[in-house]
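Asker: First, the structure itself, so that you have it in front of you.
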Amino acid sequence: MILPLLRRMGQTVFVLFGISALVFAVFFATPGADPTARIAGRNAAPQTMEKVRKEYGFDRPLPVQYAIMMKKLFITRDLASYANRGELVVPEIMRAAPVTLSLVTGAAIIWVVLSIGMGVLAAACKGSWIDRLLMMVGLIGISIPVFWLGQVVNLITQNRYHDTWLFSWVPGLGYVPFTQSPLAWFRALVIPWCVLAVMFVGIYSRILRADLVATMGEDFMRTARAKGLSPSRVLLRHGLRTALITFVSLFGMDFAQLVGGGALLTEVVFGLPGVGRLTYQALNSLDLPLIMATVMYSAVFVVLANAVVDAAYLFLDPRVRDVH
Amino acid sequence: MSTDTHSHPLLDVRDLCISFTSRGQSIPIVENMSFSMAGREILGLVGESGSGKSVTAMALMGLIDAPGVTITGSVRFKGQEILGLPAREFRALRGREIAMIFQDPMTAFTPVYTIGWQIDEQLRVHNKFSRKQARTRTIELLAEMGVPDPANTANRYPHQLSGGLRQRAMIAMALSCNPSVLIADEPTTALDVTVQAQILDLMRKLRTTHGSSILLITHDMGVVAETCDRTLVLYSGRVAEEGTTQDLFAHPQHPYTAALLASIPP
């Protein structure tokens, strides 16, 4: 168990290096484009261009440029945005990350709990009206675009019905740090959580139901029943435990993708200053250092989550442990 | 085992009919099957694929709950009618009084739990055992089934064991609660020949060591000749012939039995 884990961590380091080199190459080593002009921003003065060229070492070989960039990103953390008047990029991401993490973690808890509940219930009542109703609800959840749902919810809770007893507790759009007031943090996020979770509840409950139904036809489920176990024990301890393997690997990828900036639409709709919104702003103002930093940040998250998923796999599925 | 086997046979099946409904039509799978089993008897149930052997086994275990299946007749276990028993009561019987061994031991164990965990589970469902007591019993059982280094083997996962060891573990699990009847559905089909012989040997021993009666389902007449006291020949859902294995092999009455015997390679 230890050896495969170590090997996996070694791979992660290697992949991270590869991704950083690739991202660097895409932004700074594209033939025919001068990275200096792009970092300095639109209509930069010649003095600024000269300063940027010196600072990033664009007059030196590519490996040195790469080293300087990585040093600015990870060690000195003084990568600055010229488009945004010298705003330091790394602290900006560090301020945005907790917002995104709060949003995605809360939504993830909701979607995991709800989709396991719905998936198991639907599989247990396979073919009945409960099954069909739950799967229909799931399909509706998948079909609703998150930005539309967010706007409609905002319209109801912020505007039209804000003064009714039902929604008077809803605070204005925006984020409150957990450290400042846990209750206000919760109130600010509970609606974004639910909105973000809706689509995933739909996807995950349908996937889990399909997996569980397939598992029910397995020989070991018959053995479990022949042992005299109760139906719920057969379904949960033997069926769900086996079907969860796919569920967990999917979850890791979706979670990472959201933390890495994929929750952009939810963040924009609810005015949450998270990483997704930051990337969106960076793209709008063509702020190259910021784009580079957010892309690196999300790549790191996806790769790390991948490693965590693989570790979870080793833990969940003994067959994988012995492959190496 | 039980004292009332003289008044009742251990397992008494009368006029068992099983039919599946498909597209509004009722298709009989097993028709008017009757047989009985005495204590410590090994009864062979033979027939080609599709003759209704496995469906019969599943019905005896109460494991058929698909909609559109009708089961009629009577199955008495130690004098008690078990067909149509409420689910909860049947569950108490299943695994404790009537246990089953399946064909492919690879797929019959849940892949994500150790062998020991799965045997412990059955012990703890039917007995008030602590984790520790269950594991002690599990290791004893594995040792009785001839599993080498049982304490270690209990901590292994199904895919880490050979087919023969897995089937021994499967038999250990089936026997864990000392069932009176053991239903073995093609227990040796998925194993290679030498292991097959070992497993059959083990099953013959069970009747003296554990006092179990065994219903052995197979399509292999060689296995029947070696193992069974009496044999029931099934042909398209009906009992074609029944008798002691010796008689049946010496003087087959039904042409199908003769054909089956002729199918044994010399």
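In the structure tokens, each chain is lettered A, B, ... as it comes, each chain's residues begin at 1, and ligands are numbered from 1 in order of appearance.
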Can you work out which residues from chain A touch chain B at a cut-off of 9 Å (counting only C-alpha atoms) and hand them back as a list in words?
Answerer: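 Residues of chain A within 9 Å of chain B, counting only C-alpha atoms: Glu218, Asp219, Phe220, Met221, Arg222, Thr223, Ala224, Arg225, Ala226, Lys227, Gly228, Leu229, Ser230, His238, Gly239, Arg241, Thr242, Leu316, Asp317, Pro318, Arg319 and Asp322 of chain A.
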Asker: Just write the chosen residues, N, CA and C atoms, as a PDB file, in the first residue's frame.
Answerer:
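That gives us selection.pdb:
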```
ATOM      1  N   GLU A 218     -24.633  -8.985 -10.227  1.00  0.00           N
ATOM      2  CA  GLU A 218     -23.381  -9.716 -10.037  1.00  0.00           C
ATOM      3  C   GLU A 218     -23.600 -10.952  -9.157  1.00  0.00           C
ATOM      4  N   ASP A 219     -22.732 -11.933  -9.354  1.00  0.00           N
ATOM      5  CA  ASP A 219     -22.811 -13.157  -8.563  1.00  0.00           C
ATOM      6  C   ASP A 219     -22.669 -12.902  -7.066  1.00  0.00           C
ATOM      7  N   PHE A 220     -21.778 -11.964  -6.716  1.00  0.00           N
ATOM      8  CA  PHE A 220     -21.536 -11.793  -5.284  1.00  0.00           C
ATOM      9  C   PHE A 220     -22.737 -11.222  -4.539  1.00  0.00           C
ATOM     10  N   MET A 221     -23.611 -10.519  -5.274  1.00  0.00           N
ATOM     11  CA  MET A 221     -24.827 -10.030  -4.636  1.00  0.00           C
ATOM     12  C   MET A 221     -25.757 -11.203  -4.310  1.00  0.00           C
ATOM     13  N   ARG A 222     -25.772 -12.203  -5.214  1.00  0.00           N
ATOM     14  CA  ARG A 222     -26.572 -13.404  -4.955  1.00  0.00           C
ATOM     15  C   ARG A 222     -25.998 -14.145  -3.747  1.00  0.00           C
ATOM     16  N   THR A 223     -24.659 -14.240  -3.700  1.00  0.00           N
ATOM     17  CA  THR A 223     -24.032 -14.885  -2.548  1.00  0.00           C
ATOM     18  C   THR A 223     -24.426 -14.174  -1.257  1.00  0.00           C
ATOM     19  N   ALA A 224     -24.373 -12.840  -1.304  1.00  0.00           N
ATOM     20  CA  ALA A 224     -24.690 -12.066  -0.103  1.00  0.00           C
ATOM     21  C   ALA A 224     -26.116 -12.356   0.353  1.00  0.00           C
ATOM     22  N   ARG A 225     -27.024 -12.481  -0.630  1.00  0.00           N
ATOM     23  CA  ARG A 225     -28.409 -12.794  -0.245  1.00  0.00           C
ATOM     24  C   ARG A 225     -28.512 -14.214   0.292  1.00  0.00           C
ATOM     25  N   ALA A 226     -27.757 -15.127  -0.318  1.00  0.00           N
ATOM     26  CA  ALA A 226     -27.807 -16.525   0.107  1.00  0.00           C
ATOM     27  C   ALA A 226     -27.247 -16.692   1.519  1.00  0.00           C
ATOM     28  N   LYS A 227     -26.442 -15.726   1.961  1.00  0.00           N
ATOM     29  CA  LYS A 227     -25.895 -15.810   3.310  1.00  0.00           C
ATOM     30  C   LYS A 227     -26.936 -15.479   4.371  1.00  0.00           C
ATOM     31  N   GLY A 228     -28.070 -14.935   3.927  1.00  0.00           N
ATOM     32  CA  GLY A 228     -29.118 -14.586   4.877  1.00  0.00           C
ATOM     33  C   GLY A 228     -29.013 -13.158   5.383  1.00  0.00           C
ATOM     34  N   LEU A 229     -28.304 -12.300   4.633  1.00  0.00           N
ATOM     35  CA  LEU A 229     -28.198 -10.894   5.034  1.00  0.00           C
ATOM     36  C   LEU A 229     -29.496 -10.165   4.705  1.00  0.00           C
ATOM     37  N   SER A 230     -29.754  -9.081   5.418  1.00  0.00           N
ATOM     38  CA  SER A 230     -30.959  -8.308   5.143  1.00  0.00           C
ATOM     39  C   SER A 230     -30.777  -7.558   3.822  1.00  0.00           C
ATOM     40  N   HIS A 238     -22.576  -4.410   0.358  1.00  0.00           N
ATOM     41  CA  HIS A 238     -21.968  -5.111  -0.764  1.00  0.00           C
ATOM     42  C   HIS A 238     -22.145  -4.335  -2.077  1.00  0.00           C
ATOM     43  N   GLY A 239     -23.377  -3.899  -2.365  1.00  0.00           N
ATOM     44  CA  GLY A 239     -23.639  -3.210  -3.637  1.00  0.00           C
ATOM     45  C   GLY A 239     -23.051  -1.816  -3.683  1.00  0.00           C
ATOM     46  N   ARG A 241     -20.950  -0.260  -1.720  1.00  0.00           N
ATOM     47  CA  ARG A 241     -19.502  -0.205  -1.493  1.00  0.00           C
ATOM     48  C   ARG A 241     -18.732  -0.493  -2.784  1.00  0.00           C
ATOM     49  N   THR A 242     -19.256  -1.412  -3.590  1.00  0.00           N
ATOM     50  CA  THR A 242     -18.581  -1.743  -4.840  1.00  0.00           C
ATOM     51  C   THR A 242     -18.833  -0.664  -5.896  1.00  0.00           C
ATOM     52  N   LEU A 316      -9.952   1.985  -1.798  1.00  0.00           N
ATOM     53  CA  LEU A 316     -11.286   1.419  -2.010  1.00  0.00           C
ATOM     54  C   LEU A 316     -11.266   0.082  -2.727  1.00  0.00           C
ATOM     55  N   ASP A 317     -10.316  -0.101  -3.633  1.00  0.00           N
ATOM     56  CA  ASP A 317     -10.341  -1.298  -4.455  1.00  0.00           C
ATOM     57  C   ASP A 317      -9.053  -2.103  -4.297  1.00  0.00           C
ATOM     58  N   PRO A 318      -9.138  -3.186  -3.534  1.00  0.00           N
ATOM     59  CA  PRO A 318      -7.924  -3.976  -3.276  1.00  0.00           C
ATOM     60  C   PRO A 318      -7.318  -4.553  -4.545  1.00  0.00           C
ATOM     61  N   ARG A 319      -8.114  -4.690  -5.597  1.00  0.00           N
ATOM     62  CA  ARG A 319      -7.570  -5.258  -6.834  1.00  0.00           C
ATOM     63  C   ARG A 319      -6.552  -4.322  -7.466  1.00  0.00           C
ATOM     64  N   ASP A 322      -2.818  -4.425  -6.124  1.00  0.00           N
ATOM     65  CA  ASP A 322      -1.894  -5.496  -6.502  1.00  0.00           C
ATOM     66  C   ASP A 322      -1.456  -5.431  -7.954  1.00  0.00           C
TER      67      ASP A 322
END
```
Asker: So which bits of range 79-148 of chain B end up strand (DSSP E) when you DSSP the backbone, as a PyMOL selection string?
Answerer: chain B and resi 80-81+98-101
Asker: Could the residues in this selection be written to a file with all heavy atoms, as a compact mmCIF listing (two decimals), in the first residue's frame?
Answerer:
```
# COMPACT_ATOMS: atom_id res chain seq x y z
N GLN B 80 -41.41 -28.35 8.14
CA GLN B 80 -42.00 -27.01 8.07
C GLN B 80 -42.08 -26.55 6.62
O GLN B 80 -41.10 -26.65 5.88
CB GLN B 80 -41.13 -26.05 8.87
CG GLN B 80 -41.68 -24.64 8.93
CD GLN B 80 -40.60 -23.63 9.34
OE1 GLN B 80 -39.43 -23.98 9.47
NE2 GLN B 80 -41.01 -22.39 9.53
N GLU B 81 -43.25 -26.05 6.23
CA GLU B 81 -43.40 -25.55 4.87
C GLU B 81 -42.61 -24.25 4.72
O GLU B 81 -42.81 -23.31 5.48
CB GLU B 81 -44.88 -25.30 4.58
CG GLU B 81 -45.18 -24.72 3.22
CD GLU B 81 -44.78 -25.63 2.07
OE1 GLU B 81 -45.19 -26.80 2.07
OE2 GLU B 81 -44.02 -25.18 1.19
N ILE B 98 -30.05 -23.74 5.48
CA ILE B 98 -29.82 -24.15 4.10
C ILE B 98 -28.80 -23.19 3.52
O ILE B 98 -29.03 -21.99 3.48
CB ILE B 98 -31.12 -24.04 3.26
CG1 ILE B 98 -32.26 -24.75 3.97
CG2 ILE B 98 -30.91 -24.63 1.88
CD1 ILE B 98 -33.60 -24.64 3.26
N ALA B 99 -27.68 -23.72 3.11
CA ALA B 99 -26.64 -22.84 2.59
C ALA B 99 -26.30 -23.25 1.17
O ALA B 99 -26.65 -24.35 0.73
CB ALA B 99 -25.40 -22.89 3.46
N MET B 100 -25.63 -22.37 0.47
CA MET B 100 -25.39 -22.63 -0.94
C MET B 100 -23.95 -22.33 -1.35
O MET B 100 -23.34 -21.38 -0.86
CB MET B 100 -26.35 -21.78 -1.77
CG MET B 100 -26.37 -22.14 -3.22
SD MET B 100 -27.91 -21.65 -3.97
CE MET B 100 -27.59 -22.11 -5.66
N ILE B 101 -23.43 -23.16 -2.23
CA ILE B 101 -22.11 -22.93 -2.82
C ILE B 101 -22.32 -22.67 -4.31
O ILE B 101 -23.06 -23.39 -4.96
CB ILE B 101 -21.21 -24.17 -2.68
CG1 ILE B 101 -21.09 -24.58 -1.21
CG2 ILE B 101 -19.84 -23.93 -3.27
CD1 ILE B 101 -20.46 -25.93 -1.05
```
Asker: In Å to one decimal, how far is CA of Leu88 in chain A from CA of Tyr175 in chain A?
Answerer: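 Between these atoms lies a distance of 21.5 Å.
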Asker: Would you mind listing what lies within 10 Å of range 246-263 of chain B as number ranges by chain, with only C-alpha atoms counted and same-chain residues fewer than 3 positions away left out?
Answerer: B: 46-48, 219-222, 224-225, 228-235, 240-243, 266
Asker: Taking into account only C-alpha atoms, which residue in the set A:Leu236, A:Asp163, A:Leu173, A:Ala37 is nearest to Leu288 in chain A?
Answerer: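 Looking only at the distances to Leu288 in chain A, the closest residue turns out to be A:Ala37.
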Asker: Show me, as a VMD selection string, the residues that have an atom within 9 Å of Ile93 in chain A when counting only C-alpha atoms, minus same-chain residues fewer than 2 positions from it.
Answerer: chain A and resid 89 to 91 95 to 97 274 to 275 278 290 293 to 294 297
Asker: Which residues are near range 5-20 of chain B? Cut-off 7 Å, only C-alpha atoms, ignore same chain within fewer than 3 positions. Put them as a CSV table (one decimal) with all heavy atoms, in the first residue's frame.
Answerer:
```
chain,number,residue,atom,x,y,z
B,2,SER,N,-30.7,-33.8,13.1
B,2,SER,CA,-32.0,-33.6,13.9
B,2,SER,C,-32.6,-34.9,14.2
B,2,SER,O,-32.4,-35.9,13.5
B,2,SER,CB,-32.9,-32.7,13.1
B,2,SER,OG,-33.4,-33.4,12.0
B,26,SER,N,-47.2,-17.8,-20.0
B,26,SER,CA,-46.6,-18.4,-18.9
B,26,SER,C,-45.7,-19.6,-19.4
B,26,SER,O,-46.2,-20.5,-20.1
B,26,SER,CB,-47.6,-18.9,-17.9
B,26,SER,OG,-47.0,-19.7,-16.9
B,27,ILE,N,-44.4,-19.5,-19.1
B,27,ILE,CA,-43.5,-20.6,-19.6
B,27,ILE,C,-43.1,-21.4,-18.5
B,27,ILE,O,-42.4,-20.9,-17.6
B,27,ILE,CB,-42.3,-19.9,-20.3
B,27,ILE,CG1,-42.8,-19.1,-21.5
B,27,ILE,CG2,-41.3,-21.0,-20.8
B,27,ILE,CD1,-41.8,-18.1,-21.9
B,28,PRO,N,-43.4,-22.7,-18.5
B,28,PRO,CA,-43.0,-23.5,-17.3
B,28,PRO,C,-41.5,-23.9,-17.4
B,28,PRO,O,-41.0,-24.2,-18.5
B,28,PRO,CB,-43.9,-24.8,-17.5
B,28,PRO,CG,-44.2,-24.8,-18.9
B,28,PRO,CD,-44.2,-23.4,-19.4
B,29,ILE,N,-40.8,-23.7,-16.3
B,29,ILE,CA,-39.4,-24.0,-16.3
B,29,ILE,C,-39.2,-25.4,-15.6
B,29,ILE,O,-38.4,-26.2,-16.0
B,29,ILE,CB,-38.6,-22.9,-15.5
B,29,ILE,CG1,-38.9,-21.6,-16.2
B,29,ILE,CG2,-37.1,-23.2,-15.5
B,29,ILE,CD1,-38.4,-21.4,-17.6
B,30,VAL,N,-39.9,-25.5,-14.5
B,30,VAL,CA,-39.8,-26.8,-13.7
B,30,VAL,C,-41.3,-27.2,-13.5
B,30,VAL,O,-42.1,-26.4,-13.2
B,30,VAL,CB,-39.1,-26.6,-12.3
B,30,VAL,CG1,-39.3,-27.8,-11.5
B,30,VAL,CG2,-37.7,-26.2,-12.5
B,31,GLU,N,-41.5,-28.5,-13.8
B,31,GLU,CA,-42.9,-29.0,-13.7
B,31,GLU,C,-43.0,-30.2,-12.8
B,31,GLU,O,-42.2,-31.2,-13.0
B,31,GLU,CB,-43.4,-29.4,-15.1
B,31,GLU,CG,-43.7,-28.2,-16.0
B,31,GLU,CD,-44.2,-28.7,-17.3
B,31,GLU,OE1,-43.3,-28.9,-18.2
B,31,GLU,OE2,-45.4,-28.8,-17.6
B,32,ASN,N,-43.8,-30.2,-11.8
B,32,ASN,CA,-44.1,-31.3,-10.9
B,32,ASN,C,-42.9,-32.0,-10.4
B,32,ASN,O,-42.8,-33.2,-10.6
B,32,ASN,CB,-45.1,-32.3,-11.6
B,32,ASN,CG,-46.4,-31.6,-11.9
B,32,ASN,OD1,-46.9,-30.8,-11.1
B,32,ASN,ND2,-47.0,-31.9,-13.1
B,33,MET,N,-42.0,-31.3,-9.9
B,33,MET,CA,-40.8,-31.9,-9.4
B,33,MET,C,-41.0,-32.4,-8.0
B,33,MET,O,-41.5,-31.6,-7.2
B,33,MET,CB,-39.6,-31.0,-9.5
B,33,MET,CG,-38.3,-31.6,-9.0
B,33,MET,SD,-37.0,-30.4,-8.7
B,33,MET,CE,-36.3,-30.4,-10.3
B,34,SER,N,-40.7,-33.7,-7.7
B,34,SER,CA,-40.8,-34.2,-6.4
B,34,SER,C,-39.6,-35.0,-6.0
B,34,SER,O,-39.1,-35.8,-6.8
B,34,SER,CB,-42.1,-35.1,-6.2
B,34,SER,OG,-43.2,-34.4,-6.5
B,35,PHE,N,-39.1,-34.7,-4.8
B,35,PHE,CA,-38.0,-35.6,-4.3
B,35,PHE,C,-37.8,-35.3,-2.9
B,35,PHE,O,-38.4,-34.4,-2.3
B,35,PHE,CB,-36.7,-35.3,-5.1
B,35,PHE,CG,-36.1,-34.0,-4.9
B,35,PHE,CD1,-35.2,-33.7,-3.8
B,35,PHE,CD2,-36.4,-32.9,-5.8
B,35,PHE,CE1,-34.7,-32.5,-3.7
B,35,PHE,CE2,-35.8,-31.6,-5.6
B,35,PHE,CZ,-35.0,-31.4,-4.5
B,36,SER,N,-37.1,-36.2,-2.2
B,36,SER,CA,-36.8,-35.9,-0.8
B,36,SER,C,-35.4,-36.3,-0.5
B,36,SER,O,-34.8,-37.1,-1.2
B,36,SER,CB,-37.8,-36.6,0.1
B,36,SER,OG,-37.6,-38.0,0.0
B,37,MET,N,-34.9,-35.6,0.6
B,37,MET,CA,-33.5,-35.9,1.0
B,37,MET,C,-33.5,-36.3,2.4
B,37,MET,O,-34.2,-35.7,3.3
B,37,MET,CB,-32.7,-34.6,0.8
B,37,MET,CG,-32.1,-34.3,-0.5
B,37,MET,SD,-31.3,-32.7,-0.5
B,37,MET,CE,-29.7,-33.2,0.0
B,38,ALA,N,-32.7,-37.3,2.7
B,38,ALA,CA,-32.5,-37.8,4.1
B,38,ALA,C,-31.3,-37.1,4.7
B,38,ALA,O,-30.5,-36.5,3.9
B,38,ALA,CB,-32.4,-39.3,4.2
B,39,GLY,N,-31.1,-37.2,6.0
B,39,GLY,CA,-29.9,-36.6,6.6
B,39,GLY,C,-28.7,-37.3,6.1
B,39,GLY,O,-28.7,-38.5,5.8
B,68,GLY,N,-43.3,-11.8,-12.0
B,68,GLY,CA,-43.6,-12.6,-13.2
B,68,GLY,C,-43.2,-14.1,-13.0
B,68,GLY,O,-43.3,-14.9,-13.9
B,69,VAL,N,-42.7,-14.4,-11.8
B,69,VAL,CA,-42.3,-15.8,-11.6
B,69,VAL,C,-43.4,-16.4,-10.6
B,69,VAL,O,-43.6,-15.9,-9.6
B,69,VAL,CB,-40.9,-16.0,-10.9
B,69,VAL,CG1,-40.6,-17.4,-10.7
B,69,VAL,CG2,-39.9,-15.3,-11.9
B,70,THR,N,-43.9,-17.6,-11.0
B,70,THR,CA,-44.9,-18.2,-10.1
B,70,THR,C,-44.3,-19.5,-9.6
B,70,THR,O,-43.8,-20.3,-10.4
B,70,THR,CB,-46.2,-18.5,-10.9
B,70,THR,OG1,-46.3,-17.6,-11.9
B,70,THR,CG2,-47.4,-18.5,-10.0
B,71,ILE,N,-44.3,-19.7,-8.3
B,71,ILE,CA,-43.8,-21.0,-7.8
B,71,ILE,C,-44.9,-21.6,-7.0
B,71,ILE,O,-45.5,-21.0,-6.1
B,71,ILE,CB,-42.6,-20.7,-6.8
B,71,ILE,CG1,-41.5,-19.9,-7.5
B,71,ILE,CG2,-42.1,-22.1,-6.3
B,71,ILE,CD1,-40.4,-19.5,-6.6
B,72,THR,N,-45.3,-22.9,-7.4
B,72,THR,CA,-46.3,-23.6,-6.6
B,72,THR,C,-45.8,-24.9,-6.2
B,72,THR,O,-44.7,-25.3,-6.6
B,72,THR,CB,-47.6,-23.8,-7.5
B,72,THR,OG1,-47.2,-24.5,-8.7
B,72,THR,CG2,-48.2,-22.5,-7.9
B,73,GLY,N,-46.6,-25.6,-5.3
B,73,GLY,CA,-46.1,-26.9,-4.8
B,73,GLY,C,-45.8,-26.7,-3.4
B,73,GLY,O,-46.2,-25.8,-2.7
B,74,SER,N,-44.9,-27.6,-2.9
B,74,SER,CA,-44.6,-27.6,-1.5
B,74,SER,C,-43.1,-28.0,-1.3
B,74,SER,O,-42.6,-28.9,-1.9
B,74,SER,CB,-45.5,-28.6,-0.7
B,74,SER,OG,-44.9,-29.2,0.3
B,75,VAL,N,-42.5,-27.2,-0.4
B,75,VAL,CA,-41.1,-27.5,0.0
B,75,VAL,C,-41.1,-27.6,1.5
B,75,VAL,O,-41.3,-26.5,2.1
B,75,VAL,CB,-40.1,-26.5,-0.5
B,75,VAL,CG1,-38.7,-26.8,0.0
B,75,VAL,CG2,-40.1,-26.4,-2.0
B,76,ARG,N,-40.9,-28.8,2.1
B,76,ARG,CA,-40.9,-28.8,3.5
B,76,ARG,C,-39.5,-29.1,4.0
B,76,ARG,O,-38.8,-30.0,3.5
B,76,ARG,CB,-41.8,-30.0,4.0
B,76,ARG,CG,-43.3,-29.6,3.9
B,76,ARG,CD,-44.2,-30.7,4.3
B,76,ARG,NE,-45.5,-30.3,4.3
B,76,ARG,CZ,-46.1,-29.6,5.3
B,76,ARG,NH1,-45.5,-29.5,6.4
B,76,ARG,NH2,-47.3,-29.2,5.2
B,77,PHE,N,-39.1,-28.3,5.0
B,77,PHE,CA,-37.8,-28.5,5.5
B,77,PHE,C,-38.0,-28.8,7.0
B,77,PHE,O,-38.6,-28.1,7.8
B,77,PHE,CB,-37.0,-27.2,5.4
B,77,PHE,CG,-35.7,-27.2,6.1
B,77,PHE,CD1,-34.6,-27.9,5.6
B,77,PHE,CD2,-35.5,-26.5,7.4
B,77,PHE,CE1,-33.4,-27.9,6.3
B,77,PHE,CE2,-34.3,-26.6,8.0
B,77,PHE,CZ,-33.2,-27.3,7.5
B,78,LYS,N,-37.5,-30.0,7.4
B,78,LYS,CA,-37.7,-30.6,8.7
B,78,LYS,C,-39.2,-30.5,9.1
B,78,LYS,O,-39.6,-30.1,10.2
B,78,LYS,CB,-36.9,-29.8,9.8
B,78,LYS,CG,-35.4,-30.1,9.6
B,78,LYS,CD,-34.6,-29.5,10.7
B,78,LYS,CE,-33.2,-29.8,10.6
B,78,LYS,NZ,-32.3,-29.0,11.5
B,79,GLY,N,-40.1,-30.8,8.1
B,79,GLY,CA,-41.5,-30.8,8.4
B,79,GLY,C,-42.2,-29.4,8.3
B,79,GLY,O,-43.4,-29.3,8.3
```
Asker: Taking the chain letters and numbering used in this document, name the residues of range 108-213 of chain A that DSSP puts in alpha helix (DSSP H), as a VMD selection string.
Answerer: chain A and resid 108 to 124 129 to 143 146 to 154 182 to 213
